[in-house]
Amino acid sequence: MGKYRVVHYINQFFGGIGGEDKAGLLPQVRSGKAGPGIALQNYLGEEFEIVATIVCGDNYFAENTVKATSEILNMIKEYKPDIFFAGPAFNAGRYGIACGAICETVQETFKIPAVMGVYPGSPAADMYARVLTLAATADSARGMEEAIKRMVYIGLKLFRNESLADPEVDNYIPRGIRKNILLPDIGAKRAVEMLVKKLKGESFITEYPMPVFDRVPPAHPIIDLSQAVIGLTGCGGIVPKGNPDRVEASSATKYGTYSIAGIDNLTGDQFESAHGGYDTTYANEDPDRVLPVDVLREMEKEGKIKKLHDIFYSTVGNGTSVDNARKYGQEIAQKFKDSAVNAVIVTST
Amino acid sequence: MDLENQNRVKEIAETYGVENVVVVLGNLDPGGAEVFAETVTKGDPTYAGPLAGVSLELPVYHIFELKEEVDKDIWQDNVAMMELVLDVEGLISTVKNIRNIYSKNIIPV
């Protein structure tokens, strides 16, 4: 029987073509292994053969993602791989995202294991940890050897349909999967044991790691508020009465876009809160309490601000996933920017 | 080590023979020195350049190890200043360690 066929994706730098100046490189295919593929082949052993290496410039991929993905997919298809590897990309932003995008597509299209290596703090780790098994690597290419070892270990397990152990044991980035397991001690005992260790300054492993949230650098201050167009948005759920867009009371899957042109004051006749996570009695009585249109209109008249933007965007923050919230935030921010809004007030509940 | 420099080292080693080449590094930090030293001995640890998978096993030194070999005035003009600000001990021990593991034809200093 022949060897299992492997295809490997790397960027222009690891393909030995060059750095930033060559980042526009169009995808090209080389037969056999190249660059880190030498180490990959060593660790994969005789049973596997890297039949082709795809090399693509980071900028080309980032600027032509859809086109590049389809071009690369066509190249990969020719080689009929049994397993696919990409990177490792370490902490490289564009390279990591390219590896993730290709692995995801390869996994879906060819139904074969697609494994990449990436630094846990990199953007690609956030984007792809839930859809791919990402080998956790160092932040720079100095960790190449170990990164390749981990990618191969995970790749072979997936290839052989073996189940993965915990992320910290098999060195992959947590996929957000929770499994029920049986432990000999009850939760209270385990919690007290952890606390005692913590008090003694000893190390312990939490059973429920807290989510890590982004830190957003504050924007530049407004120099002259009287010349500023101010926008309003928020997650307090203020929507036109009847909630025409059906923004959900919790775990919102959308945000609404509403006009306040000509409105000096949000009244309970016209607006209400769609939020399901707090007592909305007072918000429904006077929606300005959550989205202060009245005060901003006064400031507009007094010339303290140049203008209140006539559109507001609104969603419900109750249990809404961070991923969705981030997506809404980015879209809303872009819309404000496109409308030349200078500053935005984000209200909660 | 960038692709161009890897190529140069490779060409020089091929032209003159690995037994006739010594590499002297001038890296500023032990981390960088480690990668460079490994590149010219075991092979490019990042697997990005021409020395990926190529073990030249060249004897490699950091310039700080060769102070006795250098003319005092030249040292004063070119290296002395950096000697005051860099982690000399760390650089020497890092390169020495890699040399002891991977280099052949070591000349004792």
# chains A, B, ... in the order shown; residues from 1 in each chain; ligands from 1

$ closest_atom_pairs --of "chain A" --to "chain B" --cutoff "9 Å" --atoms "only C-alpha atoms" --output "JSON lines"
{"residue": "A:Phe13", "atom": "CA", "partner": "B:Ala48", "partner_atom": "CA", "distance": 6.4}
{"residue": "A:Phe14", "atom": "CA", "partner": "B:Ala48", "partner_atom": "CA", "distance": 4.1}
{"residue": "A:Gly15", "atom": "CA", "partner": "B:Ala48", "partner_atom": "CA", "distance": 6.4}
{"residue": "A:Gly16", "atom": "CA", "partner": "B:Gly49", "partner_atom": "CA", "distance": 5.4}
{"residue": "A:Ile17", "atom": "CA", "partner": "B:Leu3", "partner_atom": "CA", "distance": 8.4}
{"residue": "A:Gly18", "atom": "CA", "partner": "B:Leu3", "partner_atom": "CA", "distance": 7.4}
{"residue": "A:Ala34", "atom": "CA", "partner": "B:Tyr47", "partner_atom": "CA", "distance": 8.6}
{"residue": "A:Gly35", "atom": "CA", "partner": "B:Tyr47", "partner_atom": "CA", "distance": 4.9}
{"residue": "A:Pro36", "atom": "CA", "partner": "B:Tyr47", "partner_atom": "CA", "distance": 4.6}
{"residue": "A:Gly37", "atom": "CA", "partner": "B:Tyr47", "partner_atom": "CA", "distance": 8.0}
{"residue": "A:Ile38", "atom": "CA", "partner": "B:Gly53", "partner_atom": "CA", "distance": 6.6}
{"residue": "A:Ala39", "atom": "CA", "partner": "B:Gly53", "partner_atom": "CA", "distance": 7.6}
{"residue": "A:Ser140", "atom": "CA", "partner": "B:Thr46", "partner_atom": "CA", "distance": 8.7}
{"residue": "A:Ala141", "atom": "CA", "partner": "B:Thr46", "partner_atom": "CA", "distance": 5.0}
{"residue": "A:Arg142", "atom": "CA", "partner": "B:Thr46", "partner_atom": "CA", "distance": 5.9}
{"residue": "A:Gly143", "atom": "CA", "partner": "B:Thr46", "partner_atom": "CA", "distance": 7.6}
{"residue": "A:Met144", "atom": "CA", "partner": "B:Thr46", "partner_atom": "CA", "distance": 5.5}
{"residue": "A:Glu145", "atom": "CA", "partner": "B:Pro45", "partner_atom": "CA", "distance": 7.0}

$ residues_around --residues "Asp286 in chain A" --least-positions-apart "5" --cutoff "10 Å" --atoms "only C-alpha atoms" --output "PDB file with C-alpha atoms, in the first residue's frame"
ATOM      1  CA  ASN A 265     -37.779  62.886  23.298  1.00  0.00           C
ATOM      2  CA  LEU A 266     -38.314  59.118  23.363  1.00  0.00           C
ATOM      3  CA  THR A 267     -41.756  58.404  24.733  1.00  0.00           C
ATOM      4  CA  GLY A 268     -43.295  55.186  25.932  1.00  0.00           C
ATOM      5  CA  ASP A 269     -45.908  55.525  23.159  1.00  0.00           C
ATOM      6  CA  PHE A 271     -40.444  53.231  21.995  1.00  0.00           C
ATOM      7  CA  GLU A 272     -39.889  50.424  24.457  1.00  0.00           C
ATOM      8  CA  SER A 273     -37.202  48.049  25.661  1.00  0.00           C
ATOM      9  CA  THR A 280     -38.118  47.307  32.003  1.00  0.00           C
ATOM     10  CA  THR A 281     -41.003  49.154  33.721  1.00  0.00           C
ATOM     11  CA  LEU A 291     -31.086  56.010  25.472  1.00  0.00           C
ATOM     12  CA  PRO A 292     -30.840  59.715  26.419  1.00  0.00           C
TER      13      PRO A 292
END

$ atom_distance --atom1 "CA of Val88 in chain B" --atom2 "CA of Ala37 in chain B"
15.5 Å

$ select_by_dssp --residues "range 24-208 of chain A" --states "helix (DSSP H, G or I)" --output "NGL selection string"
:A and (37-44 or 58-63 or 65-78 or 93-110 or 123-128 or 141-159 or 167-170 or 187-200)

$ atom_distance --atom1 "CA of Gly234 in chain A" --atom2 "CA of Pro123 in chain A"
25.8 Å

$ residues_around --residues "Ser339 in chain A" --least-positions-apart "2" --cutoff "12 Å" --atoms "only C-alpha atoms" --output "ChimeraX atom specification"
/A:229-231,308-312,332-337,341-344

$ residues_around --residues "Tyr60 in chain A" --least-positions-apart "6" --cutoff "8 Å" --atoms "only C-alpha atoms" --output "PyMOL selection string"
chain A and resi 23-26+68

$ residues_around --residues "range 20-27 of chain B" --least-positions-apart "2" --cutoff "12 Å" --atoms "only C-alpha atoms" --output "MDAnalysis selection string"
chainID B and resid 1 5:6 8:18 29:41 56:67 78:79 82:83 86:88 90:92 94:96 99 103:107

$ residues_around --residues "Asn171 in chain A" --least-positions-apart "2" --cutoff "10 Å" --atoms "only C-alpha atoms" --output "ChimeraX atom specification"
/A:133-137,147,150-151,153-154,164-169,173-174

$ residues_around --residues "Asp126 in chain A" --least-positions-apart "5" --cutoff "10 Å" --atoms "only C-alpha atoms" --output "list in words"
Ile97, Pro120, Gly121, Ile173, Arg175 and Asp323 of chain A

$ select_by_dssp --residues "range 24-159 of chain A" --states "strand (DSSP E or B)" --output "ChimeraX atom specification"
/A:28-31,48-56,83-86,114-118,134-136
